[in-house]
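Chemist: Data file data.pdb (PDB, C-alpha atoms and all ligand atoms) is appended below.
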ATOM      1  CA  MET A1421      20.860 -11.918 -41.001
ATOM      2  CA  ARG A1422      18.153 -14.216 -39.744
ATOM      3  CA  VAL A1423      17.856 -13.170 -36.103
ATOM      4  CA  LEU A1424      16.137 -15.273 -33.449
ATOM      5  CA  VAL A1425      14.676 -12.950 -30.805
ATOM      6  CA  THR A1426      13.557 -14.875 -27.728
ATOM      7  CA  GLY A1427      10.935 -12.908 -25.811
ATOM      8  CA  GLY A1428      10.261 -11.093 -29.083
ATOM      9  CA  ALA A1429       6.637 -10.272 -28.209
ATOM     10  CA  GLY A1430       7.586  -8.514 -24.982
ATOM     11  CA  PHE A1431       8.090  -4.796 -24.451
ATOM     12  CA  ILE A1432      11.773  -4.551 -25.422
ATOM     13  CA  GLY A1433      11.610  -7.587 -27.725
ATOM     14  CA  SER A1434       8.837  -6.231 -29.943
ATOM     15  CA  ASN A1435      10.500  -2.814 -30.209
ATOM     16  CA  LEU A1436      13.707  -4.601 -31.209
ATOM     17  CA  CYS A1437      11.908  -6.809 -33.782
ATOM     18  CA  GLY A1438      10.616  -3.613 -35.428
ATOM     19  CA  ARG A1439      14.105  -2.135 -35.597
ATOM     20  CA  LEU A1440      15.665  -5.346 -36.984
ATOM     21  CA  LEU A1441      12.985  -5.594 -39.681
ATOM     22  CA  ASN A1442      13.528  -1.927 -40.617
ATOM     23  CA  GLU A1443      17.223  -2.614 -41.025
ATOM     24  CA  GLY A1444      16.520  -5.460 -43.458
ATOM     25  CA  HIS A1445      16.956  -8.478 -41.184
ATOM     26  CA  GLU A1446      14.717 -11.524 -41.054
ATOM     27  CA  VAL A1447      13.210 -12.017 -37.574
ATOM     28  CA  LEU A1448      12.144 -15.208 -35.828
ATOM     29  CA  CYS A1449      10.234 -14.168 -32.720
ATOM     30  CA  LEU A1450      10.050 -16.875 -30.056
ATOM     31  CA  ASP A1451       7.675 -16.248 -27.159
ATOM     32  CA  ASN A1452       5.448 -18.218 -24.766
ATOM     33  CA  PHE A1453       3.142 -15.160 -24.460
ATOM     34  CA  TYR A1454       3.252 -15.278 -20.660
ATOM     35  CA  THR A1455       4.057 -11.567 -20.469
ATOM     36  CA  GLY A1456       4.626 -11.055 -24.196
ATOM     37  CA  SER A1457       1.591  -9.825 -26.101
ATOM     38  CA  LYS A1458       0.239 -10.619 -29.557
ATOM     39  CA  ASN A1459      -0.787  -6.954 -29.863
ATOM     40  CA  ASN A1460       2.890  -5.993 -29.718
ATOM     41  CA  ILE A1461       3.699  -7.987 -32.865
ATOM     42  CA  GLU A1462       0.407  -7.446 -34.702
ATOM     43  CA  GLU A1463       1.985  -4.783 -36.935
ATOM     44  CA  PHE A1464       4.536  -7.303 -38.291
ATOM     45  CA  LYS A1465       2.117 -10.103 -39.140
ATOM     46  CA  ASN A1466       1.950  -9.347 -42.884
ATOM     47  CA  ASN A1467       5.713  -8.843 -43.157
ATOM     48  CA  ALA A1468       7.246 -11.849 -44.964
ATOM     49  CA  ALA A1469      10.518 -11.306 -43.059
ATOM     50  CA  PHE A1470       8.781 -11.888 -39.700
ATOM     51  CA  GLU A1471       7.753 -15.177 -38.118
ATOM     52  CA  ALA A1472       6.284 -15.746 -34.637
ATOM     53  CA  ILE A1473       6.938 -19.079 -32.905
ATOM     54  CA  ARG A1474       5.073 -20.040 -29.710
ATOM     55  CA  ARG A1475       7.691 -21.820 -27.606
ATOM     56  CA  ASP A1476       8.815 -21.769 -23.983
ATOM     57  CA  ILE A1477      12.479 -20.845 -23.545
ATOM     58  CA  SER A1478      12.841 -23.332 -20.677
ATOM     59  CA  GLU A1479      12.282 -26.242 -23.138
ATOM     60  CA  PRO A1480      15.110 -27.257 -25.534
ATOM     61  CA  PHE A1481      14.742 -26.048 -29.133
ATOM     62  CA  ASN A1482      16.531 -26.364 -32.477
ATOM     63  CA  ILE A1483      15.977 -23.261 -34.546
ATOM     64  CA  GLU A1484      18.190 -22.251 -37.478
ATOM     65  CA  ALA A1485      19.397 -18.654 -37.265
ATOM     66  CA  ASP A1486      22.496 -16.498 -37.791
ATOM     67  CA  PHE A1487      22.290 -14.635 -34.491
ATOM     68  CA  ILE A1488      20.329 -15.009 -31.225
ATOM     69  CA  ILE A1489      19.136 -12.211 -28.973
ATOM     70  CA  ASN A1490      17.884 -13.534 -25.635
ATOM     71  CA  LEU A1491      15.245 -11.417 -23.922
ATOM     72  CA  ALA A1492      12.952 -14.190 -22.705
ATOM     73  CA  CYS A1493      12.013 -13.720 -19.048
ATOM     74  CA  PRO A1494       9.213 -11.960 -17.172
ATOM     75  CA  ALA A1495      10.907  -8.712 -16.121
ATOM     76  CA  SER A1496       8.568  -6.687 -13.920
ATOM     77  CA  VAL A1497       8.650  -7.355 -10.191
ATOM     78  CA  PRO A1498       5.011  -8.601  -9.821
ATOM     79  CA  HIS A1499       5.250 -10.770 -12.942
ATOM     80  CA  TYR A1500       8.562 -12.442 -12.093
ATOM     81  CA  GLN A1501       7.438 -13.002  -8.481
ATOM     82  CA  LYS A1502       4.149 -14.639  -9.496
ATOM     83  CA  ASP A1503       5.834 -17.973 -10.227
ATOM     84  CA  PRO A1504       9.407 -17.616  -8.917
ATOM     85  CA  LEU A1505      10.481 -21.170  -9.737
ATOM     86  CA  LYS A1506       9.386 -20.707 -13.336
ATOM     87  CA  THR A1507      11.344 -17.417 -13.431
ATOM     88  CA  MET A1508      14.467 -19.253 -12.309
ATOM     89  CA  LYS A1509      13.887 -21.942 -14.954
ATOM     90  CA  ASP A1510      13.367 -19.323 -17.675
ATOM     91  CA  ASN A1511      16.711 -17.815 -16.739
ATOM     92  CA  VAL A1512      18.795 -20.914 -16.140
ATOM     93  CA  TYR A1513      17.269 -23.644 -18.325
ATOM     94  CA  GLY A1514      16.574 -20.886 -20.849
ATOM     95  CA  ILE A1515      20.176 -19.804 -21.206
ATOM     96  CA  PHE A1516      21.346 -23.435 -21.507
ATOM     97  CA  ASN A1517      18.842 -23.962 -24.332
ATOM     98  CA  VAL A1518      19.916 -20.758 -26.066
ATOM     99  CA  MET A1519      23.619 -21.529 -25.698
ATOM    100  CA  GLU A1520      23.253 -25.145 -26.899
ATOM    101  CA  ASN A1521      21.483 -23.876 -30.008
ATOM    102  CA  ALA A1522      24.253 -21.298 -30.534
ATOM    103  CA  ARG A1523      27.007 -23.855 -29.964
ATOM    104  CA  ARG A1524      25.457 -26.239 -32.500
ATOM    105  CA  LEU A1525      25.162 -23.481 -35.118
ATOM    106  CA  LYS A1526      28.397 -21.647 -34.130
ATOM    107  CA  ILE A1527      26.560 -18.323 -33.988
ATOM    108  CA  PRO A1528      26.791 -15.348 -31.600
ATOM    109  CA  VAL A1529      24.372 -14.688 -28.741
ATOM    110  CA  LEU A1530      23.492 -11.294 -27.319
ATOM    111  CA  HIS A1531      21.947 -11.708 -23.884
ATOM    112  CA  THR A1532      20.052  -9.073 -21.925
ATOM    113  CA  SER A1533      21.031  -9.316 -18.293
ATOM    114  CA  THR A1534      19.933  -6.720 -15.778
ATOM    115  CA  SER A1535      20.950  -4.065 -13.278
ATOM    116  CA  GLU A1536      19.386  -6.448 -10.728
ATOM    117  CA  VAL A1537      22.667  -8.398 -10.768
ATOM    118  CA  TYR A1538      23.949  -5.554  -8.535
ATOM    119  CA  GLY A1539      21.145  -6.232  -6.013
ATOM    120  CA  SER A1540      20.789  -3.356  -3.572
ATOM    121  CA  PRO A1541      24.101  -1.709  -4.508
ATOM    122  CA  SER A1542      26.506  -0.229  -1.993
ATOM    123  CA  VAL A1543      28.571   1.363  -4.783
ATOM    124  CA  HIS A1544      27.063   4.261  -6.675
ATOM    125  CA  PRO A1545      26.806   4.623  -9.661
ATOM    126  CA  GLN A1546      27.317   0.969 -10.524
ATOM    127  CA  PRO A1547      30.279   0.062 -12.763
ATOM    128  CA  GLU A1548      30.473  -3.398 -14.333
ATOM    129  CA  ASN A1549      33.354  -4.460 -12.075
ATOM    130  CA  TYR A1550      31.179  -3.995  -8.967
ATOM    131  CA  ASN A1551      30.076  -7.504  -8.007
ATOM    132  CA  GLY A1552      26.872  -6.471  -6.306
ATOM    133  CA  ASN A1553      25.088  -6.896  -3.023
ATOM    134  CA  VAL A1554      22.584  -9.654  -3.634
ATOM    135  CA  ASN A1555      20.530 -11.660  -1.173
ATOM    136  CA  PRO A1556      20.250 -15.269  -2.408
ATOM    137  CA  VAL A1557      17.057 -16.009  -0.430
ATOM    138  CA  SER A1558      14.885 -12.921  -0.927
ATOM    139  CA  ILE A1559      11.653 -12.624  -2.901
ATOM    140  CA  ARG A1560      13.658 -10.905  -5.679
ATOM    141  CA  SER A1561      16.291 -13.687  -5.840
ATOM    142  CA  CYS A1562      14.528 -15.789  -8.471
ATOM    143  CA  TYR A1563      15.203 -12.951 -10.902
ATOM    144  CA  ASP A1564      18.458 -11.507  -9.514
ATOM    145  CA  GLU A1565      20.192 -14.826  -8.951
ATOM    146  CA  GLY A1566      18.645 -16.341 -12.087
ATOM    147  CA  LYS A1567      20.135 -13.513 -14.140
ATOM    148  CA  ARG A1568      23.488 -13.837 -12.358
ATOM    149  CA  ALA A1569      23.550 -17.583 -13.062
ATOM    150  CA  ALA A1570      22.697 -16.915 -16.723
ATOM    151  CA  GLU A1571      25.738 -14.605 -16.998
ATOM    152  CA  THR A1572      27.883 -17.368 -15.471
ATOM    153  CA  VAL A1573      26.582 -19.918 -17.966
ATOM    154  CA  MET A1574      27.319 -17.565 -20.870
ATOM    155  CA  PHE A1575      30.882 -16.883 -19.792
ATOM    156  CA  ASP A1576      31.511 -20.600 -19.224
ATOM    157  CA  TYR A1577      30.254 -21.400 -22.760
ATOM    158  CA  HIS A1578      32.573 -18.673 -24.006
ATOM    159  CA  ARG A1579      35.581 -20.055 -22.096
ATOM    160  CA  GLN A1580      34.804 -23.756 -22.615
ATOM    161  CA  TYR A1581      33.525 -23.767 -26.226
ATOM    162  CA  GLY A1582      34.558 -20.378 -27.573
ATOM    163  CA  THR A1583      30.937 -19.318 -28.156
ATOM    164  CA  ASP A1584      30.713 -15.675 -29.226
ATOM    165  CA  ILE A1585      28.818 -13.819 -26.467
ATOM    166  CA  LYS A1586      27.637 -10.266 -25.852
ATOM    167  CA  VAL A1587      26.147  -9.465 -22.437
ATOM    168  CA  ILE A1588      24.216  -6.272 -21.666
ATOM    169  CA  ARG A1589      23.046  -5.263 -18.191
ATOM    170  CA  VAL A1590      19.822  -3.406 -18.875
ATOM    171  CA  PHE A1591      18.808  -0.670 -16.420
ATOM    172  CA  ASN A1592      15.200   0.553 -16.009
ATOM    173  CA  THR A1593      13.746   1.061 -19.487
ATOM    174  CA  TYR A1594      10.328   2.375 -20.518
ATOM    175  CA  GLY A1595       8.330   3.247 -23.614
ATOM    176  CA  PRO A1596       5.511   2.179 -25.922
ATOM    177  CA  LYS A1597       4.438  -1.480 -25.816
ATOM    178  CA  MET A1598       4.844  -1.831 -22.043
ATOM    179  CA  LEU A1599       1.856  -3.719 -20.678
ATOM    180  CA  GLU A1600      -0.888  -1.695 -19.009
ATOM    181  CA  ASN A1601      -0.730  -4.105 -16.051
ATOM    182  CA  ASP A1602       3.057  -4.508 -16.185
ATOM    183  CA  GLY A1603       3.463  -3.281 -12.604
ATOM    184  CA  ARG A1604       6.620  -1.229 -13.182
ATOM    185  CA  VAL A1605       6.691   2.302 -11.923
ATOM    186  CA  VAL A1606       6.603   4.109 -15.275
ATOM    187  CA  SER A1607       3.565   2.289 -16.631
ATOM    188  CA  ASN A1608       1.814   2.281 -13.224
ATOM    189  CA  PHE A1609       2.136   6.061 -12.804
ATOM    190  CA  ILE A1610       1.103   6.876 -16.383
ATOM    191  CA  VAL A1611      -1.909   4.536 -16.295
ATOM    192  CA  GLN A1612      -2.952   5.858 -12.859
ATOM    193  CA  ALA A1613      -2.567   9.486 -14.024
ATOM    194  CA  LEU A1614      -4.641   8.849 -17.166
ATOM    195  CA  ARG A1615      -7.391   7.166 -15.161
ATOM    196  CA  GLY A1616      -7.430   9.911 -12.507
ATOM    197  CA  GLU A1617      -6.411   7.392  -9.819
ATOM    198  CA  ASP A1618      -3.894   8.096  -7.043
ATOM    199  CA  LEU A1619      -0.256   7.513  -8.003
ATOM    200  CA  THR A1620       1.073   4.766  -5.714
ATOM    201  CA  VAL A1621       4.523   5.758  -4.449
ATOM    202  CA  TYR A1622       6.035   2.840  -2.524
ATOM    203  CA  GLY A1623       7.739   3.741   0.780
ATOM    204  CA  ASP A1624       8.797   7.366   1.246
ATOM    205  CA  GLY A1625       9.621   7.741  -2.452
ATOM    206  CA  LYS A1626      13.237   8.649  -1.707
ATOM    207  CA  GLN A1627      14.587   5.560  -3.500
ATOM    208  CA  THR A1628      16.122   6.412  -6.886
ATOM    209  CA  ARG A1629      16.049   4.991 -10.396
ATOM    210  CA  SER A1630      17.304   6.207 -13.780
ATOM    211  CA  PHE A1631      14.964   5.701 -16.727
ATOM    212  CA  CYS A1632      16.008   4.935 -20.296
ATOM    213  CA  TYR A1633      13.720   5.428 -23.288
ATOM    214  CA  VAL A1634      13.425   2.198 -25.257
ATOM    215  CA  SER A1635      14.833   3.556 -28.560
ATOM    216  CA  ASP A1636      18.076   4.492 -26.769
ATOM    217  CA  LEU A1637      18.431   0.935 -25.458
ATOM    218  CA  ILE A1638      17.674  -0.479 -28.917
ATOM    219  CA  ASP A1639      20.390   1.812 -30.367
ATOM    220  CA  GLY A1640      22.815   0.311 -27.837
ATOM    221  CA  ILE A1641      21.784  -3.254 -28.692
ATOM    222  CA  MET A1642      22.300  -2.540 -32.419
ATOM    223  CA  LEU A1643      25.760  -1.054 -31.748
ATOM    224  CA  PHE A1644      26.713  -4.173 -29.806
ATOM    225  CA  ILE A1645      25.345  -6.523 -32.512
ATOM    226  CA  GLU A1646      27.457  -4.713 -35.108
ATOM    227  CA  ASP A1647      30.615  -4.674 -32.944
ATOM    228  CA  LYS A1648      33.235  -7.074 -34.340
ATOM    229  CA  SER A1649      35.989  -6.429 -31.778
ATOM    230  CA  GLY A1650      35.295  -9.568 -29.722
ATOM    231  CA  PHE A1651      34.064  -7.442 -26.804
ATOM    232  CA  THR A1652      31.865  -9.666 -24.603
ATOM    233  CA  GLY A1653      30.676  -7.254 -21.930
ATOM    234  CA  PRO A1654      29.072  -7.372 -19.453
ATOM    235  CA  VAL A1655      28.259  -3.775 -20.254
ATOM    236  CA  ASN A1656      25.706  -1.482 -18.610
ATOM    237  CA  MET A1657      23.052   0.169 -20.751
ATOM    238  CA  GLY A1658      20.396   2.602 -19.671
ATOM    239  CA  ASN A1659      20.245   6.298 -18.918
ATOM    240  CA  ASN A1660      22.118   7.843 -16.019
ATOM    241  CA  TYR A1661      19.732  10.712 -15.250
ATOM    242  CA  GLU A1662      18.700   9.786 -11.708
ATOM    243  CA  PHE A1663      15.346  10.565 -10.036
ATOM    244  CA  THR A1664      13.777   9.927  -6.674
ATOM    245  CA  ILE A1665      10.529   8.051  -7.231
ATOM    246  CA  ALA A1666       8.578  10.870  -5.495
ATOM    247  CA  ASP A1667       9.999  13.440  -7.969
ATOM    248  CA  PHE A1668       9.279  11.088 -10.810
ATOM    249  CA  ALA A1669       5.606  10.900  -9.744
ATOM    250  CA  LYS A1670       5.417  14.722  -9.855
ATOM    251  CA  LEU A1671       6.944  14.740 -13.348
ATOM    252  CA  VAL A1672       4.348  12.241 -14.605
ATOM    253  CA  LEU A1673       1.563  14.419 -13.150
ATOM    254  CA  SER A1674       2.930  17.507 -14.885
ATOM    255  CA  ILE A1675       3.411  15.783 -18.262
ATOM    256  CA  THR A1676      -0.046  14.178 -18.254
ATOM    257  CA  GLY A1677      -1.732  17.283 -16.778
ATOM    258  CA  SER A1678      -3.550  14.862 -14.461
ATOM    259  CA  LYS A1679      -5.365  15.934 -11.288
ATOM    260  CA  SER A1680      -4.451  12.635  -9.583
ATOM    261  CA  LYS A1681      -2.977  12.760  -6.084
ATOM    262  CA  ILE A1682       0.153  11.014  -4.815
ATOM    263  CA  LYS A1683      -0.440   8.251  -2.258
ATOM    264  CA  PHE A1684       2.423   6.763  -0.207
ATOM    265  CA  ILE A1685       2.005   3.034   0.437
ATOM    266  CA  GLU A1686       4.115   0.235   1.867
ATOM    267  CA  LEU A1687       7.553  -0.373   0.317
ATOM    268  CA  PRO A1688       7.901  -3.916  -1.094
ATOM    269  CA  LYS A1689      10.544  -6.078   0.561
ATOM    270  CA  ASP A1690      14.149  -5.795  -0.641
ATOM    271  CA  ASP A1691      13.430  -2.849  -2.951
ATOM    272  CA  PRO A1692      16.865  -1.409  -3.905
ATOM    273  CA  ILE A1693      17.422   2.085  -2.463
ATOM    274  CA  GLN A1694      19.360   3.561  -5.346
ATOM    275  CA  ARG A1695      20.296   2.584  -8.850
ATOM    276  CA  ASN A1696      22.191   4.432 -11.539
ATOM    277  CA  PRO A1697      24.344   2.982 -14.330
ATOM    278  CA  ASP A1698      27.967   3.931 -14.804
ATOM    279  CA  LEU A1699      27.956   4.181 -18.617
ATOM    280  CA  THR A1700      31.694   4.797 -19.093
ATOM    281  CA  LEU A1701      32.400   1.348 -20.576
ATOM    282  CA  ALA A1702      29.426   1.451 -22.984
ATOM    283  CA  LYS A1703      30.476   4.898 -24.209
ATOM    284  CA  LYS A1704      34.116   3.942 -24.606
ATOM    285  CA  THR A1705      33.740   0.537 -26.272
ATOM    286  CA  LEU A1706      30.535   0.978 -28.295
ATOM    287  CA  GLY A1707      30.012   4.740 -28.565
ATOM    288  CA  TYR A1708      26.704   4.293 -26.692
ATOM    289  CA  ASN A1709      25.081   7.601 -25.849
ATOM    290  CA  PRO A1710      21.411   7.804 -24.796
ATOM    291  CA  LYS A1711      19.797  10.845 -26.401
ATOM    292  CA  VAL A1712      16.095  10.949 -25.512
ATOM    293  CA  SER A1713      15.247  13.273 -22.602
ATOM    294  CA  ILE A1714      12.869  11.971 -19.939
ATOM    295  CA  GLU A1715      10.284  14.618 -20.926
ATOM    296  CA  GLU A1716      10.366  13.598 -24.598
ATOM    297  CA  GLY A1717      10.314   9.875 -23.799
ATOM    298  CA  LEU A1718       7.476  10.227 -21.315
ATOM    299  CA  LYS A1719       5.394  12.260 -23.790
ATOM    300  CA  LYS A1720       5.726   9.490 -26.399
ATOM    301  CA  THR A1721       4.885   6.834 -23.811
ATOM    302  CA  VAL A1722       1.846   8.792 -22.583
ATOM    303  CA  GLU A1723       0.606   9.074 -26.206
ATOM    304  CA  TYR A1724       0.898   5.292 -26.497
ATOM    305  CA  PHE A1725      -0.971   4.611 -23.254
ATOM    306  CA  LYS A1726      -3.737   7.103 -24.189
ATOM    307  CA  LYS A1727      -4.529   4.747 -27.086
ATOM    308  CA  VAL A1728      -4.538   1.498 -25.078
ATOM    309  CA  VAL A1729      -5.653   2.310 -21.521
ATOM    310  CA  LYS A1730      -9.250   1.531 -20.653
ATOM    311  CA  ARG A1731     -10.657   4.538 -18.768
TER
HETATM  312  N1  LIG B1801       7.416   1.858  -7.449
HETATM  313  C1  LIG B1801       6.511   2.745  -6.900
HETATM  314  N2  LIG B1801       5.210   2.645  -7.292
HETATM  315  C2  LIG B1801       4.767   1.734  -8.197
HETATM  316  C3  LIG B1801       5.707   0.828  -8.765
HETATM  317  C4  LIG B1801       7.028   0.907  -8.345
HETATM  318  O1  LIG B1801       6.853   3.604  -6.067
HETATM  319  O2  LIG B1801       3.562   1.725  -8.508
HETATM  320  C5  LIG B1801       8.842   2.000  -7.052
HETATM  321  C6  LIG B1801       9.492   0.698  -6.604
HETATM  322  O3  LIG B1801       9.313   0.539  -5.204
HETATM  323  C7  LIG B1801      10.935   0.920  -6.992
HETATM  324  C8  LIG B1801      10.860   1.835  -8.225
HETATM  325  O4  LIG B1801       9.560   2.403  -8.194
HETATM  326  O5  LIG B1801      11.631   1.583  -5.971
HETATM  327  C9  LIG B1801      11.080   1.107  -9.519
HETATM  328  O6  LIG B1801      10.225   0.001  -9.520
HETATM  329  P1  LIG B1801      10.019  -0.919 -10.786
HETATM  330  O7  LIG B1801       9.106  -2.036 -10.375
HETATM  331  O8  LIG B1801       9.636  -0.108 -11.960
HETATM  332  O9  LIG B1801      11.461  -1.488 -11.128
HETATM  333  P2  LIG B1801      12.689  -2.044 -10.251
HETATM  334  O10 LIG B1801      13.753  -1.050 -10.537
HETATM  335  O11 LIG B1801      12.349  -2.064  -8.792
HETATM  336  O12 LIG B1801      12.939  -3.386 -10.802
END
Would you kindly transcribe this structure into structure tokens?

Modeler:
Amino acid sequence: MRVLVTGGAGFIGSNLCGRLLNEGHEVLCLDNFYTGSKNNIEEFKNNAAFEAIRRDISEPFNIEADFIINLACPASVPHYQKDPLKTMKDNVYGIFNVMENARRLKIPVLHTSTSEVYGSPSVHPQPENYNGNVNPVSIRSCYDEGKRAAETVMFDYHRQYGTDIKVIRVFNTYGPKMLENDGRVVSNFIVQALRGEDLTVYGDGKQTRSFCYVSDLIDGIMLFIEDKSGFTGPVNMGNNYEFTIADFAKLVLSITGSKSKIKFIELPKDDPIQRNPDLTLAKKTLGYNPKVSIEEGLKKTVEYFKKVVKR
């Protein structure tokens, strides 16, 4: 297939481009390079099956493809909060542009939504039929509500025009090709540990997250692409091994062997207290089963950051 990957130079996007190329697909990588990086796609530049296109998802486009995977949106908290109106446009105008292109070509779209659609959940772990606890006017809303609106747009295209849709709710994912200054907890802690700086735990560190190694998420995306049952999702993907952030900081210190200390600083506003995916639906419908242990995934990610972090 010729696959259009929007946000293809980002962390997940570039890992996915690599996998698609390995499996014999042609890849069109669309990115505005706001948080995507040319370094992430450097290794594909001499591959005739790969093409990078500088384009902003919030502007209409006509690109011929057989399948679209939509990943285009700044995804880390500091990056999506830097220009919240742009984040909302990337989500909402972006999904209209993607869906119009898909409707014109009559091709399927796989869209990466987020665990943030559950907001600060009051149900734990979160199944897909939990509708969430989301504040429409918080500093996280541009992302949370933008992603919720994008899901709405997708399902309305599906109902109104019969467009073939596949919606994944991605939970916290980490691995090589995250940006050094991404701002998410995994990259922050690893970079701080490698530089011998204090690890910045926000709040008391009792909030929880579950971390998925990127290859496990990519496996799930590939299973969903190949699924011909008409299953639309939304379906959770991630790993359901849950950590408090304070314990996670200790694990990063032990894996890096760093002498850094842990420093507790102010908790950002509206930070969800717990998050853990219910993976029952993904297992049942797609056979999704994350395999990489946190120790193994962190070791690979630390090796990557050792090569790129300026110390
Ligand atoms: N966090 C932290 N220190 C950091 C970055 C994040 O303690 O340097 C915490 C953050 O408050 C949140 C969790 O780690 O509770 C995950 O944050 P991240 O930004 O990675 O993703 P989120 O799940 O909040 O979107």

Chemist: What does the list of residues within 9 Å of ligand LIG 1801 (chain B) look like if you count all atoms listed in the file, written as a PyMOL selection string?

Modeler: chain A and resi 1495-1498+1535-1536+1591-1594+1602-1609+1612+1619-1630+1664-1666+1669+1684-1689+1691-1695

Chemist: So, counting all atoms listed in the file, which residue among A:Ser1478, A:Asn1553, A:Thr1652, A:Asn1659 is closest to A:Leu1530?

Modeler: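 Going through A:Ser1478, A:Asn1553, A:Thr1652, A:Asn1659 one by one, the smallest distance to A:Leu1530 is for A:Thr1652.
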
Chemist: Which of these residues is nearest to A:Lys1704, using all atoms listed in the file: A:Leu1448, A:Val1655, A:Ile1682, A:Val1543?

Modeler: A:Val1655

Chemist: One number please: atom CA of A:Ile1473 to atom CA of A:His1578, in Å, one decimal.

Modeler: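 For atom CA of A:Ile1473 relative to atom CA of A:His1578, the distance reads 27.1 Å.
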
Chemist: Just so the selection is clear, what residues does the PyMOL selection byres (((chain A and resi 1532) around 6) and not hetatm) cover here, as a PDB file with C-alpha atoms, keeping the file's coordinate frame?

Modeler:
ATOM      1  CA  LEU A1491      15.245 -11.417 -23.922  1.00  0.00           C
ATOM      2  CA  HIS A1531      21.947 -11.708 -23.884  1.00  0.00           C
ATOM      3  CA  SER A1533      21.031  -9.316 -18.293  1.00  0.00           C
ATOM      4  CA  ILE A1588      24.216  -6.272 -21.666  1.00  0.00           C
TER       5      ILE A1588
END

Chemist: Go through A:Phe1470, A:Ile1515, A:Val1634, A:Phe1668 and flag the residue nearest A:Asp1576, using all atoms listed in the file for the distances.

Modeler: A:Ile1515

Chemist: Restricting the calculation to only C-alpha atoms: of A:Lys1509, A:Lys1597, A:Arg1731, A:Lys1703, which residue gets closest to A:Ala1429?

Modeler: A:Lys1597

Chemist: Find the distance between atom CA of A:Lys1586 and atom CA of A:Arg1474 and write it in Å to one decimal.

Modeler: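 Taking atom CA of A:Lys1586 and atom CA of A:Arg1474, their separation equals 24.9 Å.
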
Chemist: Which value, in Å to one decimal, gives the distance between atom CA of A:Thr1426 and atom CA of A:Glu1463?

Modeler: 17.9 Å

Chemist: Please write as a list in words the full residue list that the PyMOL selection byres (((chain A and resi 1436) around 10) and not hetatm) yields on this file.

Modeler: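 After applying the PyMOL selection byres (((chain A and resi 1436) around 10) and not hetatm), what remains is Val1425, Gly1428, Ala1429, Gly1430, Phe1431, Ile1432, Gly1433, Ser1434, Asn1435, Cys1437, Gly1438, Arg1439, Leu1440, Leu1441, Asn1442, Val1447, Ile1489, Val1634, Ser1635, Leu1637, Ile1638, Asp1639, Ile1641 and Met1642 of chain A.
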
Chemist: I'd like to know which of A:Gly1444, A:Gly1514, A:Gly1640, A:Gly1707 is closest to A:Ala1570, using all atoms listed in the file.

Modeler: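 Closest to A:Ala1570, using all atoms listed in the file: A:Gly1514.
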
Chemist: Here is a test: counting all atoms listed in the file, which residue of A:Ala1468, A:Met1574, A:Cys1562, A:Val1672 is nearest to A:Lys1506?

Modeler: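 Closest residue, counting all atoms listed in the file: A:Cys1562.
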
Chemist: Scan for residues within 10 Å of the point (-0.3, 15.7, -20.1) in the coordinates of the file, using all atoms listed in the file, and reply as a list in words.

Modeler: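 Within 10 Å of (-0.3, 15.7, -20.1), the protein and nucleic acid residues are Ile1610, Ala1613, Leu1614, Leu1671, Val1672, Leu1673, Ser1674, Ile1675, Thr1676, Gly1677, Ser1678, Leu1718, Lys1719, Val1722 and Glu1723 of chain A.
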
Chemist: Care to translate the PyMOL selection byres (((chain A and resi 1702) around 10) and not hetatm) into actual residues of this file, as a PDB file with C-alpha atoms, keeping the file's coordinate frame?

Modeler:
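For reference, part08.pdb as written:
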ATOM      1  CA  GLU A1548      30.473  -3.398 -14.333  1.00  0.00           C
ATOM      2  CA  ILE A1588      24.216  -6.272 -21.666  1.00  0.00           C
ATOM      3  CA  GLY A1640      22.815   0.311 -27.837  1.00  0.00           C
ATOM      4  CA  LEU A1643      25.760  -1.054 -31.748  1.00  0.00           C
ATOM      5  CA  PHE A1644      26.713  -4.173 -29.806  1.00  0.00           C
ATOM      6  CA  GLY A1653      30.676  -7.254 -21.930  1.00  0.00           C
ATOM      7  CA  PRO A1654      29.072  -7.372 -19.453  1.00  0.00           C
ATOM      8  CA  VAL A1655      28.259  -3.775 -20.254  1.00  0.00           C
ATOM      9  CA  ASN A1656      25.706  -1.482 -18.610  1.00  0.00           C
ATOM     10  CA  MET A1657      23.052   0.169 -20.751  1.00  0.00           C
ATOM     11  CA  GLY A1658      20.396   2.602 -19.671  1.00  0.00           C
ATOM     12  CA  ASP A1698      27.967   3.931 -14.804  1.00  0.00           C
ATOM     13  CA  LEU A1699      27.956   4.181 -18.617  1.00  0.00           C
ATOM     14  CA  THR A1700      31.694   4.797 -19.093  1.00  0.00           C
ATOM     15  CA  LEU A1701      32.400   1.348 -20.576  1.00  0.00           C
ATOM     16  CA  LYS A1703      30.476   4.898 -24.209  1.00  0.00           C
ATOM     17  CA  LYS A1704      34.116   3.942 -24.606  1.00  0.00           C
ATOM     18  CA  THR A1705      33.740   0.537 -26.272  1.00  0.00           C
ATOM     19  CA  LEU A1706      30.535   0.978 -28.295  1.00  0.00           C
ATOM     20  CA  GLY A1707      30.012   4.740 -28.565  1.00  0.00           C
ATOM     21  CA  TYR A1708      26.704   4.293 -26.692  1.00  0.00           C
ATOM     22  CA  ASN A1709      25.081   7.601 -25.849  1.00  0.00           C
TER      23      ASN A1709
END

Chemist: Counting all atoms listed in the file, what is within 10 Å of A:Leu1424, bar same-chain residues fewer than 5 positions away, as a list in words?

Modeler: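 The neighbour list is Cys1437, Glu1446, Val1447, Leu1448, Cys1449, Leu1450, Glu1471, Ala1472, Ile1473, Ile1483, Glu1484, Ala1485, Asp1486, Phe1487, Ile1488, Ile1489, Asn1490, Val1518 and Val1529 of chain A.
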